Amino acid sequence: MKSPSGSTFPYYYKNGVIHAVKLSGCKRKREKVKELLEQEKEFTLLQNQTKTIWIDLYSTVVTGDLANDLISFIRDLSIKINKIAFVGCGLFARQKIKKRMRAQYINYITIQFFSNPEEAKNWLVGR
């Protein structure tokens with residue numbers, strides 16, 4: 001099965017399961033990203049278990065508005081998420097996301113930022 005963003009679901013990795021949200025390559029297409037996040041949210045809410053989520057942001061420009069969309073996505077799914085790995089976002093994108101998370105008091109979900117996809121997957125499954 002595929003998730004709305006086109007990722008294999010469930011994605012099994014080293015005896016764990018990862019829900020990948022592929023936003024890579026969206027460049028500056030905020031409306032496309034916003035639509036994908038809404039579809040992913042609906043898809044995730046239909047699942048039974050809590051998730052470890054990988055958000056792939058390679059080649060996607062994280063503006064302030066897009067960071068707000070990501071935070072809304074996380075907040076809306078907070079009961080379903082136990083870990084999130086952001087992969088492929090630069091320093092300024094990280095700062096935007098972290099700043100908005102603090103402003104929204106989202107400090108109860110474990111989040112990490114990675115440039116290496118393998119490190120992100122290992123962290124998500126606890127290896």
# chains A, B, ... in the order shown; residues from 1 in each chain; ligands from 1
>>> residues_around(residues="A:Tyr105", least_positions_apart="2", cutoff="12 Å", atoms="only C-alpha atoms", output="list in words")
Ile71, Ser72, Ile74, Arg75, Ser78, Lys98, Lys99, Arg100, Met101, Arg102, Ala103, Asn107, Tyr108 and Ile109 of chain A
>>> write_last_selection(atoms="N, CA and C atoms", output="compact mmCIF listing (two decimals), in the first residue's frame")
# COMPACT_ATOMS: atom_id res chain seq x y z
N ILE A 71 4.02 22.30 11.64
CA ILE A 71 3.69 22.30 13.05
C ILE A 71 2.21 21.95 13.26
N SER A 72 1.35 22.46 12.41
CA SER A 72 -0.08 22.11 12.50
C SER A 72 -0.27 20.61 12.27
N ILE A 74 1.89 18.22 12.87
CA ILE A 74 2.39 17.52 14.06
C ILE A 74 1.40 17.66 15.21
N ARG A 75 0.91 18.87 15.44
CA ARG A 75 -0.02 19.11 16.54
C ARG A 75 -1.31 18.29 16.35
N SER A 78 -0.65 14.62 17.17
CA SER A 78 0.17 14.38 18.35
C SER A 78 -0.22 13.11 19.12
N LYS A 98 11.91 24.47 14.89
CA LYS A 98 12.09 24.42 16.35
C LYS A 98 11.45 25.63 17.04
N LYS A 99 11.64 26.81 16.45
CA LYS A 99 11.07 28.04 17.03
C LYS A 99 9.55 27.95 17.10
N ARG A 100 8.94 27.47 16.04
CA ARG A 100 7.48 27.37 16.01
C ARG A 100 6.97 26.27 16.94
N MET A 101 7.75 25.21 17.10
CA MET A 101 7.36 24.16 18.03
C MET A 101 7.37 24.69 19.46
N ARG A 102 8.38 25.45 19.80
CA ARG A 102 8.44 26.04 21.14
C ARG A 102 7.27 27.00 21.36
N ALA A 103 6.96 27.80 20.34
CA ALA A 103 5.86 28.77 20.45
C ALA A 103 4.51 28.07 20.63
N ASN A 107 6.47 20.11 22.95
CA ASN A 107 7.74 19.59 23.46
C ASN A 107 7.56 18.18 24.01
N TYR A 108 6.43 17.56 23.70
CA TYR A 108 6.13 16.23 24.22
C TYR A 108 6.32 15.14 23.18
N ILE A 109 6.74 15.50 21.98
CA ILE A 109 7.03 14.53 20.92
C ILE A 109 8.54 14.57 20.68
>>> residues_around(residues="A:Leu70", least_positions_apart="3", cutoff="10 Å", atoms="only C-alpha atoms", output="PyMOL selection string")
chain A and resi 33-34+37+55+62+64-67+73-76+97+100-101
>>> select_by_dssp(residues="chain A", states="strand (DSSP E)", output="ChimeraX atom specification")
/A:11-13,16-22,51-56,81-87,110-114
>>> residues_around(residues="A:Pro117", least_positions_apart="2", cutoff="12 Å", atoms="only C-alpha atoms", output="ChimeraX atom specification")
/A:20,54-58,85-89,112-115,119-124
>>> write_last_selection(atoms="C-alpha atoms", output="short mmCIF file (atom, residue, chain, number, x, y, z; two decimals), in the first residue's frame")
data_model
loop_
_atom_site.label_atom_id
_atom_site.label_comp_id
_atom_site.auth_asym_id
_atom_site.auth_seq_id
_atom_site.Cartn_x
_atom_site.Cartn_y
_atom_site.Cartn_z
CA ALA A 20 7.46 8.11 5.53
CA TRP A 54 10.01 10.36 8.73
CA ILE A 55 9.42 13.71 7.02
CA ASP A 56 11.58 14.01 3.90
CA LEU A 57 12.26 17.65 3.03
CA TYR A 58 15.10 17.32 0.50
CA ALA A 85 12.71 12.50 12.08
CA PHE A 86 13.07 15.46 9.74
CA VAL A 87 15.47 14.55 6.95
CA GLY A 88 17.11 16.86 4.46
CA CYS A 89 16.41 20.30 5.86
CA GLN A 112 15.39 14.95 15.63
CA PHE A 113 16.87 16.43 12.47
CA PHE A 114 19.11 14.41 10.17
CA SER A 115 21.05 14.87 6.97
CA GLU A 119 20.88 7.54 10.69
CA ALA A 120 17.30 8.82 10.75
CA LYS A 121 15.83 5.37 10.11
CA ASN A 122 18.05 3.78 12.76
CA TRP A 123 17.03 6.44 15.29
CA LEU A 124 13.34 5.98 14.51
#
>>> closest_residue(among="A:Lys29, A:Ile81, A:Lys41, A:Tyr11", to="A:Ile53", atoms="only C-alpha atoms")
A:Ile81
>>> closest_residue(among="A:Thr110, A:Gln95, A:Thr52, A:Gln47", to="A:Gly16", atoms="only C-alpha atoms")
A:Thr52
>>> select_by_dssp(residues="chain A", states="alpha helix (DSSP H)", output="PDB file with C-alpha atoms, in the first residue's frame")
ATOM      1  CA  ARG A  30       3.528  25.386  -0.527  1.00  0.00           C
ATOM      2  CA  GLU A  31       0.005  24.556  -1.659  1.00  0.00           C
ATOM      3  CA  LYS A  32       1.145  21.137  -2.874  1.00  0.00           C
ATOM      4  CA  VAL A  33       2.883  20.467   0.457  1.00  0.00           C
ATOM      5  CA  LYS A  34      -0.137  21.678   2.410  1.00  0.00           C
ATOM      6  CA  GLU A  35      -2.411  19.371   0.411  1.00  0.00           C
ATOM      7  CA  LEU A  36      -0.070  16.391   0.949  1.00  0.00           C
ATOM      8  CA  LEU A  37       0.111  17.091   4.689  1.00  0.00           C
ATOM      9  CA  GLU A  38      -3.693  17.169   4.916  1.00  0.00           C
ATOM     10  CA  GLN A  39      -3.958  13.869   3.029  1.00  0.00           C
ATOM     11  CA  GLU A  40      -1.242  12.297   5.195  1.00  0.00           C
ATOM     12  CA  LYS A  41      -3.027  13.507   8.332  1.00  0.00           C
ATOM     13  CA  GLU A  42      -6.298  11.863   7.274  1.00  0.00           C
ATOM     14  CA  PHE A  43      -4.431   8.681   6.312  1.00  0.00           C
ATOM     15  CA  THR A  44      -2.571   8.553   9.642  1.00  0.00           C
ATOM     16  CA  LEU A  45      -5.694   9.123  11.709  1.00  0.00           C
ATOM     17  CA  GLY A  64       7.785  30.417   7.684  1.00  0.00           C
ATOM     18  CA  ASP A  65       4.342  29.494   6.328  1.00  0.00           C
ATOM     19  CA  LEU A  66       5.448  25.973   5.453  1.00  0.00           C
ATOM     20  CA  ALA A  67       6.997  25.562   8.906  1.00  0.00           C
ATOM     21  CA  ASN A  68       3.608  26.579  10.364  1.00  0.00           C
ATOM     22  CA  ASP A  69       1.918  23.941   8.181  1.00  0.00           C
ATOM     23  CA  LEU A  70       4.345  21.291   9.455  1.00  0.00           C
ATOM     24  CA  ILE A  71       3.686  22.298  13.055  1.00  0.00           C
ATOM     25  CA  SER A  72      -0.078  22.106  12.495  1.00  0.00           C
ATOM     26  CA  PHE A  73       0.385  18.634  11.009  1.00  0.00           C
ATOM     27  CA  ILE A  74       2.386  17.521  14.058  1.00  0.00           C
ATOM     28  CA  ARG A  75      -0.024  19.109  16.543  1.00  0.00           C
ATOM     29  CA  ASP A  76      -3.074  17.547  14.857  1.00  0.00           C
ATOM     30  CA  LEU A  91      20.012  24.883   9.462  1.00  0.00           C
ATOM     31  CA  PHE A  92      17.576  27.750   8.827  1.00  0.00           C
ATOM     32  CA  ALA A  93      14.693  25.327   8.240  1.00  0.00           C
ATOM     33  CA  ARG A  94      15.544  23.536  11.480  1.00  0.00           C
ATOM     34  CA  GLN A  95      15.535  26.821  13.357  1.00  0.00           C
ATOM     35  CA  LYS A  96      12.157  27.819  11.895  1.00  0.00           C
ATOM     36  CA  ILE A  97      10.598  24.503  12.828  1.00  0.00           C
ATOM     37  CA  LYS A  98      12.085  24.425  16.347  1.00  0.00           C
ATOM     38  CA  LYS A  99      11.072  28.036  17.029  1.00  0.00           C
ATOM     39  CA  ARG A 100       7.480  27.367  16.009  1.00  0.00           C
ATOM     40  CA  MET A 101       7.357  24.160  18.033  1.00  0.00           C
ATOM     41  CA  ARG A 102       8.442  26.042  21.140  1.00  0.00           C
ATOM     42  CA  ALA A 103       5.862  28.769  20.455  1.00  0.00           C
ATOM     43  CA  PRO A 117      18.690   9.015   5.883  1.00  0.00           C
ATOM     44  CA  GLU A 118      20.170   5.828   7.372  1.00  0.00           C
ATOM     45  CA  GLU A 119      20.875   7.541  10.686  1.00  0.00           C
ATOM     46  CA  ALA A 120      17.300   8.820  10.749  1.00  0.00           C
ATOM     47  CA  LYS A 121      15.831   5.370  10.113  1.00  0.00           C
ATOM     48  CA  ASN A 122      18.046   3.777  12.764  1.00  0.00           C
ATOM     49  CA  TRP A 123      17.031   6.438  15.292  1.00  0.00           C
ATOM     50  CA  LEU A 124      13.339   5.977  14.511  1.00  0.00           C
TER      51      LEU A 124
END
>>> closest_residue(among="A:Thr60, A:Leu77, A:Val125, A:Ile111", to="A:Cys26", atoms="only C-alpha atoms")
A:Thr60
>>> decode(residues="stretch 19-37 of chain A", atoms="N, CA and C atoms", output="tab-separated table (two decimals), in the first residue's frame")
chain	number	residue	atom	x	y	z
A	19	HIS	N	6.60	5.41	9.11
A	19	HIS	CA	5.66	6.06	8.18
A	19	HIS	C	6.42	7.21	7.54
A	20	ALA	N	6.72	7.07	6.26
A	20	ALA	CA	7.46	8.11	5.53
A	20	ALA	C	6.50	9.09	4.88
A	21	VAL	N	6.77	10.37	5.10
A	21	VAL	CA	6.01	11.45	4.47
A	21	VAL	C	6.97	12.14	3.51
A	22	LYS	N	6.79	11.88	2.23
A	22	LYS	CA	7.72	12.39	1.23
A	22	LYS	C	7.27	13.75	0.72
A	23	LEU	N	7.98	14.77	1.17
A	23	LEU	CA	7.73	16.12	0.70
A	23	LEU	C	8.91	16.61	-0.12
A	24	SER	N	9.83	15.72	-0.42
A	24	SER	CA	11.04	16.10	-1.15
A	24	SER	C	10.69	16.54	-2.56
A	25	GLY	N	11.45	17.49	-3.04
A	25	GLY	CA	11.28	17.95	-4.41
A	25	GLY	C	10.13	18.90	-4.63
A	26	CYS	N	9.48	19.33	-3.56
A	26	CYS	CA	8.35	20.25	-3.73
A	26	CYS	C	8.82	21.69	-3.95
A	27	LYS	N	10.11	21.91	-3.80
A	27	LYS	CA	10.71	23.24	-3.99
A	27	LYS	C	9.94	24.30	-3.20
A	28	ARG	N	9.27	25.20	-3.90
A	28	ARG	CA	8.53	26.29	-3.26
A	28	ARG	C	7.02	26.14	-3.43
A	29	LYS	N	6.56	24.95	-3.64
A	29	LYS	CA	5.14	24.70	-3.90
A	29	LYS	C	4.39	24.46	-2.59
A	30	ARG	N	4.14	25.52	-1.85
A	30	ARG	CA	3.53	25.39	-0.53
A	30	ARG	C	2.15	24.75	-0.60
A	31	GLU	N	1.36	25.11	-1.57
A	31	GLU	CA	0.01	24.56	-1.66
A	31	GLU	C	0.04	23.04	-1.87
A	32	LYS	N	1.00	22.57	-2.66
A	32	LYS	CA	1.14	21.14	-2.87
A	32	LYS	C	1.52	20.44	-1.56
A	33	VAL	N	2.46	21.04	-0.83
A	33	VAL	CA	2.88	20.47	0.46
A	33	VAL	C	1.72	20.47	1.44
A	34	LYS	N	1.00	21.57	1.49
A	34	LYS	CA	-0.14	21.68	2.41
A	34	LYS	C	-1.18	20.61	2.10
A	35	GLU	N	-1.45	20.40	0.83
A	35	GLU	CA	-2.41	19.37	0.41
A	35	GLU	C	-1.92	17.97	0.80
A	36	LEU	N	-0.64	17.69	0.57
A	36	LEU	CA	-0.07	16.39	0.95
A	36	LEU	C	-0.14	16.18	2.46
A	37	LEU	N	0.16	17.21	3.23
A	37	LEU	CA	0.11	17.09	4.69
A	37	LEU	C	-1.31	16.80	5.16
